[in-house]
Structures are given as C-alpha cells and as structure tokens.
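Since the structure comes first, as structure tokens, the remarks are kept for the end.
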Amino acid sequence: MNIRSLTRGDGVVIGAAVLLFIASFLSFYTADGISSAPNAWEYLGDAMGLYVGGIAGAALVVVSRALPQPRKVAGLELGQVGAAFTVLAAWALFWNLVDVPSALNAGAGLILGFIAALVLAGAAIATPLVPALQAALVPAPKPQVTQQPYGAQPPGGYGYPGGQQAQYGGQPQAGQPYGAAAQPQPAQPQPPAGEFSPFWFAVPVPRPLFAEDGSPTPIAELAPGTWYLAVEQRGPALVAQTQDGRRGVLQDISGIQRG
C-alpha cells in the first residue's frame, strides 16, 4: 500500500469515519425523565448496520485508493462498493432520525452519526470529481540537493555549467617561469544538446505505467504525491522507474511536475 497516494478527500473520509465511530457510543435515543440513555451498541442491529456499515465503507474507499492496482468484487471496484456502503449508512441514519418513536427523542449519537455519515458519503463520491479533493494528503518530499561548502567549486562534468570549461591565466603550468601566461587547456567534448538526462517527476493524478514490451495491461499505477525517476524518453512517452525498481512506459506525461 502506498500511503502517499491518499488524497485530501481520503483524509475527509477517514475523519468522518472516526467521528461516526465515536457517535456510536453516544446516546441513540433519549426520553424525558430518563437519565441513562442507551447507545447504538444496545441496539446491535443499528450499530452493525448503520455505524459499522459506514465505517466498513470508508475502509474500502481508502484501501482501494492506496493499492497499486484496483481490486474488484463481483465486477465492481472496491472504491465503488465502499461508496455504496457509505451512502446506504447515511440514508438509513436519515430515516432513523426522521422516524423517531413516540415518547423518545433523537440522541446525540444519532444526530452526530447522521452528520458524520453524510460527510463520509459526500467525500467518497466527490473525491474523484472535485480537483481540490484530489490533492495529495501527505506532501511529497522534495529531492535533496547536496550543498557545496562555502567557497568550494562544483565538480565538473555533464550537468554542471562550466564544469569542463578551459582554464586561463592565474596559475602558471609546471615548468613555466613565474609570470608566464598559462596555455589554455583544450575543452572537453560536451554531450549533444538533445541527449536525455534522467530527472525526478510527479504526476498530478493517478496514471497507469505500461510494460516496455508494449503490453496493454498496466504493470503499476503512478500515484500523485510520489516522486518517480524518468530514465529514458521514447517519443512523447517516458520510461519511468518506480520506488520498488520496476520500469515501464508512462504514455500520458501531460501536467507532470519535474523535481
């Protein structure tokens, strides 16, 4: 499971599920003149069908988005099954709130449970549709840049501007009298301007990574909030390497963030 693939919408789902669990221990119904009000666990059917059902739906939604590959149950993705559970819990709690038995009042657990289930169902359905909820829940770490000591020269080589430039004057070469001008050193050949240089990148939304042999079946899914290494460019596509060492072709590179 990739925790960094969770979004802000998933964070709302998790928070609403926690609130729903707390509500199950508060009073379900109250009555005038009765100080000891029962909670949902004293009505086991309501506790399992309303509260636990909503929490189970939230768990399915979060797990489905954290898995590298989508899992299906009876032809439906786990996220779709979980969203259906959350909607059903909110619907059932709504009717329990509306149809309170006579001589009883809705308790704090019933009211808070309905609010939590409503937020839970809304977040589960809206996350794939609202871009603001699709942002990464855990910010991705930026690639570390090694700092050079004060006054030190950066190492030469491709990728460091001026690393292989000719040196002139200043210090005479060995065997030359003091004050003689140093001969310019021949410049080292530079790589062609169009040569590909590996770089880190992140995707804005989950995108499939296909096998390098052209197979249409994805071998992994790149998740937002995680940095991947681009090792090669093939036309408009990139050959990317995941954190566990797998390599594949990212066909859609629109909107990627370079590190």
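Chain lettering (A, B, ...) mirrors the order of the structure tokens, residue numbering begins at 1 for each chain separately, and ligand numbering begins at 1 in order of display.
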
Any idea what's packed within 8 Å of A:Val12, counting only C-alpha atoms, ignoring anything in its chain fewer than 4 positions away? Could you give it as a PDB file with N, CA and C atoms, in the first residue's frame?
ATOM      1  N   ARG A   8      -6.691  14.468  -0.216  1.00  0.00           N
ATOM      2  CA  ARG A   8      -7.412  15.218   0.817  1.00  0.00           C
ATOM      3  C   ARG A   8      -8.819  14.657   1.017  1.00  0.00           C
ATOM      4  N   ALA A  16     -14.302  11.483   8.939  1.00  0.00           N
ATOM      5  CA  ALA A  16     -15.736  11.246   9.133  1.00  0.00           C
ATOM      6  C   ALA A  16     -15.979   9.851   9.702  1.00  0.00           C
ATOM      7  N   VAL A 119     -21.257  13.442   5.648  1.00  0.00           N
ATOM      8  CA  VAL A 119     -19.949  13.934   5.200  1.00  0.00           C
ATOM      9  C   VAL A 119     -19.142  12.799   4.573  1.00  0.00           C
ATOM     10  N   LEU A 120     -19.219  11.632   5.176  1.00  0.00           N
ATOM     11  CA  LEU A 120     -18.488  10.467   4.676  1.00  0.00           C
ATOM     12  C   LEU A 120     -18.931  10.102   3.264  1.00  0.00           C
ATOM     13  N   ALA A 123     -17.851  12.877   0.710  1.00  0.00           N
ATOM     14  CA  ALA A 123     -16.424  12.850   0.365  1.00  0.00           C
ATOM     15  C   ALA A 123     -16.086  11.649  -0.513  1.00  0.00           C
TER      16      ALA A 123
END

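Near stretch 103-115 of chain A, within 8 Å and counting only C-alpha atoms, sit Leu19, Leu20, Ala23, Ser24, Phe25, Leu26, Ser27, Phe28, Tyr29, Thr30, Ala31, Asp32, Asn39, Ala40, Tyr51, Ala90, Leu93, Phe94, Asn96 and Leu97 of chain A; same-chain residues fewer than 5 positions away were not included.
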
Any idea what the distance is between atom CA of A:Thr217 and atom CA of A:Pro204?
21.3 Å

Using only C-alpha atoms, which of the listed residues (A:Ala223, A:Ala83, A:Phe201, A:Val130) sits closest to A:Leu118?
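Result for the nearest residue to A:Leu118: A:Ala83.
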
Pick out the residues sitting within 12 Å of A:Leu129, and hand them over as a ChimeraX atom specification; count only C-alpha atoms, and ignore anything fewer than 6 positions along from it in its own chain.
/A:9,122-123,135,205

Run DSSP on the backbone and tell me which residues of stretch 12-55 of chain A come out as strand (DSSP E or B); list them as a VMD selection string.
chain A and resid 27 29 to 30 39

Please provide the set of residues having any atom within 12 Å of A:Ala56, restricted to only C-alpha atoms, with same-chain residues fewer than 5 positions apart removed, written as a PyMOL selection string.
chain A and resi 13-14+17-18+20-21+48-51+61-63+78-79+81-89+117+120

If I take atom CA of A:Val73 and atom CA of A:Asp252, how far is one from the other in Å, to one decimal?
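Those two atoms sit 28.1 Å apart.
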